[in-house]
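Novice: Below you will find the structure I want to go over with you.
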Amino acid sequence: MRDRLTAVLAAGVMLTLAACGGGDDNPNGEDDADGLIDVVVGVSSVVDVSPVYLGIQEGFFEDHGLNVTPQNTSGGGAALLPSVISGEVDFAYGNLVSLMIAHEQGLDVRVVAHGSSSPGRGSEQGALLVLPDSDIQSAADLEGRTVAVNSLESLTEVMVRDAIATEGGDPDAVELVELSLGDMQAALENGDVDAITTFEPFTTIGEQDGARSVYQIFDLTESGRTFIAGYFTSGAFAEENPDLVEAFTAAIGESLDFAEENPDEVRAIVPTYLDLDQSIIDEMAMPLFGSEMDIDGAQELADIVTDYGVLEQPMDVREFFVLPEGAE
């Protein structure tokens with residue numbers, strides 16, 4: 001499986017390089033007519049990237065001399081890695097475990113800012129959902145069943161296996177299948193899978209369609225504040241553009257703090273880039289935003305995924321974080 005991920009990433013990098021013509025005509029990092037530096041940020045169709053849009057709306061990026069353009073992709077993490085490595089995008093939002101795997105496999109990735117975390121134990125932001133009449137009552141009942149995840153060998157896979165183990169089941173006695181989040185509810189209703197692993201807004205969508213939650217999957221770390229994702233770039237880009245990285249980090253930090261302090265603004269900005277019913281927007285659970293980089297939490301996550309064999313070797317996460325000078 002790890003070889004498959006490596007091959008996919010390598011092929012993606014080559015295709016993206018070809019599409020960009022080797023990057024010679026890439027306008028990223030150039031000044032626009034207003035003297036701002038054009039920056040492209042890769043994002044996914046999730047609530048968690050709302051600080052990017054809020055930062056544009058509130059002028060935080062402009063205050064730091066940046067003209068940010070979001071570039072949406074149907075994937076995240078591994079799906080955005082080729083675009084970052086090739087230089088098609090300058091920064092991107094990606095789940096931390098996929099970035100850890102990429103780093104272990106020798107890809108040049110550096111995390112520059114917090115993206116989102118779960119807010120604590122019992123968060124309804126992510127869940128294992130089953131049909132209302134299913135005989136599955138707990139995660140332990142998933143032994144011998146089929147569960148949909150949005151990505152294999154990822155944070156999602158670890159959370160499912162840990163949920164089963166925590167409730168007394170065998171984490172290896174489950175069949176995981178990879179489906180996009182948007183296809184999961186139909187697969188559950190058609191009986192193609194026994195349970196689905198969802199994140200907001202798909203958790204709320206599933207529950208509004210009648211699905212039942214049997215486990216809050218972000219109860220993975222001791223505190224429940226699982227470091228989900230961060231904004232990342234390539235190491236080469238970070239070394240060649242330290243001032244730009246510093247400006248982006250400061251601006252997205254302000255955006256993250258604004259999002260954490262103003263949840264109503266998050267709910268208001270989401271419909272500008274996601275097509276959702278207002279009832280879903282009103283009910284969906286929020287992640288933890290904020291600019292603080294929880295390095296200890298990231299290390300705890302790395303240790304957990306190593307225990308589950310997703311990382312082959314123990315990892316010091318400080319190796320692939322770009323930290324402010326003097327940070328421990």
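Chain labels A, B, ... are given in the sequence in which chains occur in the structure tokens; within each chain residues are numbered consecutively from 1, and ligands are likewise numbered from 1 in the order shown.
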Can you list every residue in range 4-246 of chain A that DSSP puts in alpha helix (DSSP H), as a count of residues only?
Specialist: 83
Novice: List as a list in words the protein and nucleic acid residues near Pro51 in chain A, meaning an atom at most 7 Å away when only C-alpha atoms are counted, but skip any in the same chain fewer than 5 places from it.
Specialist: Ser255, Leu256 and Ala259 of chain A
Novice: Take the residues that were just selected and, keeping N, CA and C atoms, output them as a PDB file, in the first residue's frame.
Specialist:
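Output file part-v7.pdb is given in full below:
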```pdb
ATOM      1  N   SER A 255      -6.062  34.791  10.380  1.00  0.00           N
ATOM      2  CA  SER A 255      -7.314  34.250   9.851  1.00  0.00           C
ATOM      3  C   SER A 255      -7.829  33.118  10.728  1.00  0.00           C
ATOM      4  N   LEU A 256      -6.914  32.250  11.172  1.00  0.00           N
ATOM      5  CA  LEU A 256      -7.287  31.138  12.043  1.00  0.00           C
ATOM      6  C   LEU A 256      -7.820  31.629  13.390  1.00  0.00           C
ATOM      7  N   ALA A 259     -11.276  33.043  12.833  1.00  0.00           N
ATOM      8  CA  ALA A 259     -12.265  31.980  12.664  1.00  0.00           C
ATOM      9  C   ALA A 259     -12.636  31.355  14.010  1.00  0.00           C
TER      10      ALA A 259
END
```
Novice: What separation in Å, quoted to one decimal, exists between CA of Val193 in chain A and CA of Ala148 in chain A?
Specialist: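 Interatomic distance, CA of Val193 in chain A to CA of Ala148 in chain A: 6.5 Å.
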Novice: Considering only C-alpha atoms, state which residue in the set A:Ala268, A:Val111, A:Val160, A:Ala186 is at the smallest distance from Ser138 in chain A.
Specialist: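 The closest residue to Ser138 in chain A is A:Val160.
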Novice: For Leu66 in chain A, which residue among A:Ile228, A:Ile252, A:Leu301, A:Val270 is the nearest when counting only C-alpha atoms?
Specialist: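 Of A:Ile228, A:Ile252, A:Leu301, A:Val270, the one nearest Leu66 in chain A, counting only C-alpha atoms, is A:Ile252.
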Novice: Nearest to Asp194 in chain A among A:Gln137, A:Thr156, A:Ser44, A:Asn72, with distances taken over only C-alpha atoms: which residue is it?
Specialist: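 Looking at the shortest contact to Asp194 in chain A, the residue is A:Gln137.
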Novice: For range 78-141 of chain A against range 237-242 of chain A, with a cut-off of 12 Å and counting only C-alpha atoms, what is the closest atom pair and its distance in Å to one decimal for every residue that makes the cut, ordered by chain and number, as CSV?
Specialist:
```
residue,atom,partner,partner_atom,distance
A:Val84,CA,A:Phe237,CA,9.1
A:Ile85,CA,A:Phe237,CA,8.8
A:Ser86,CA,A:Phe237,CA,10.2
A:Gly87,CA,A:Phe237,CA,8.2
A:Glu88,CA,A:Phe237,CA,11.5
A:Val89,CA,A:Phe237,CA,10.5
A:Asp90,CA,A:Phe237,CA,7.7
A:Phe91,CA,A:Phe237,CA,9.4
A:Asp108,CA,A:Phe237,CA,9.5
A:Val109,CA,A:Ala238,CA,9.4
A:Arg110,CA,A:Ala238,CA,7.7
A:Val111,CA,A:Ala238,CA,9.7
A:Val112,CA,A:Ala238,CA,8.7
```
Novice: So, with only C-alpha atoms as the atoms that count, which of A:Glu62, A:Asp303, A:Glu319, A:Asp264 lies closest to Val97 in chain A?
Specialist: A:Asp303
Novice: Measuring between only C-alpha atoms, which one of A:Thr221, A:Ala229, A:Gly206, A:Ser180 shows the shortest distance to Tyr93 in chain A?
Specialist: A:Ala229
Novice: Rank A:Asp48, A:Asp277, A:Asp63, A:Glu265 by their smallest atom-to-atom distance to Phe289 in chain A, using only C-alpha atoms, and report the top residue only.
Specialist: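 The shortest atom-to-atom distance to Phe289 in chain A comes from A:Asp48.
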Novice: Measure the distance from CA of Asp38 in chain A to CA of Val322 in chain A in Å and round it to one decimal.
Specialist: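 These atoms are spaced 21.1 Å apart.
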Novice: What residues in range 13-188 of chain A get the DSSP label strand (DSSP E or B)? Please answer as a ChimeraX atom specification.
Specialist: /A:31,37-44,66-73,91-95,109-117,126-130,146-149,175-178
Novice: Between CA of Ala113 in chain A and CA of Tyr231 in chain A, what is the distance in Å, rounded to a tenth?
Specialist: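 Separation of CA of Ala113 in chain A and CA of Tyr231 in chain A: 5.2 Å.
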Novice: Mind checking which residues fall within 12 Å of Ile281 in chain A, counting only C-alpha atoms, ignoring those fewer than 4 positions away in the same chain, and posting them as a ChimeraX atom specification?
Specialist: /A:46-47,200-205,208,263-272,274-277,285-286
Novice: Write out as a list in words the residues lying within 9 Å of Ile101 in chain A, counting only C-alpha atoms and excluding same-chain residues fewer than 5 positions away.
Specialist: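 With the cut-off at 9 Å, the set is Arg2, Leu96, Gly106, Leu107, Glu153, Ser154, Val310, Leu311 and Glu312 of chain A.
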Novice: Dump C-alpha atoms for the selected residues as a PDB file, in the first residue's frame?
Specialist:
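Below is the file that was written, again_9.pdb:
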```
ATOM      1  CA  ARG A   2       2.860   2.342   0.816  1.00  0.00           C
ATOM      2  CA  LEU A  96      -1.060  15.776   8.927  1.00  0.00           C
ATOM      3  CA  GLY A 106      11.522  11.454   1.167  1.00  0.00           C
ATOM      4  CA  LEU A 107       9.174  14.061  -0.304  1.00  0.00           C
ATOM      5  CA  GLU A 153      -3.230   4.418   5.107  1.00  0.00           C
ATOM      6  CA  SER A 154      -4.135   7.765   6.570  1.00  0.00           C
ATOM      7  CA  VAL A 310       1.250   3.683   9.056  1.00  0.00           C
ATOM      8  CA  LEU A 311       4.696   5.161   9.676  1.00  0.00           C
ATOM      9  CA  GLU A 312       7.507   2.631   9.479  1.00  0.00           C
TER      10      GLU A 312
END
```
Novice: Identify, on the basis of only C-alpha atoms, every residue whose closest approach to Leu129 in chain A does not exceed 9 Å; exclude the query and any residue fewer than 5 positions from it along the same chain; express the result as a PyMOL selection string.
Specialist: chain A and resi 188+194-198+203+206-207+211-215
Novice: Tell me which protein, DNA and RNA residues are within 10 Å of Ile304 in chain A, counting only C-alpha atoms, leaving out same-chain ones fewer than 5 positions away, and put them as a PyMOL selection string.
Specialist: chain A and resi 155+158-159+162+220-221+298-299+309-311+314
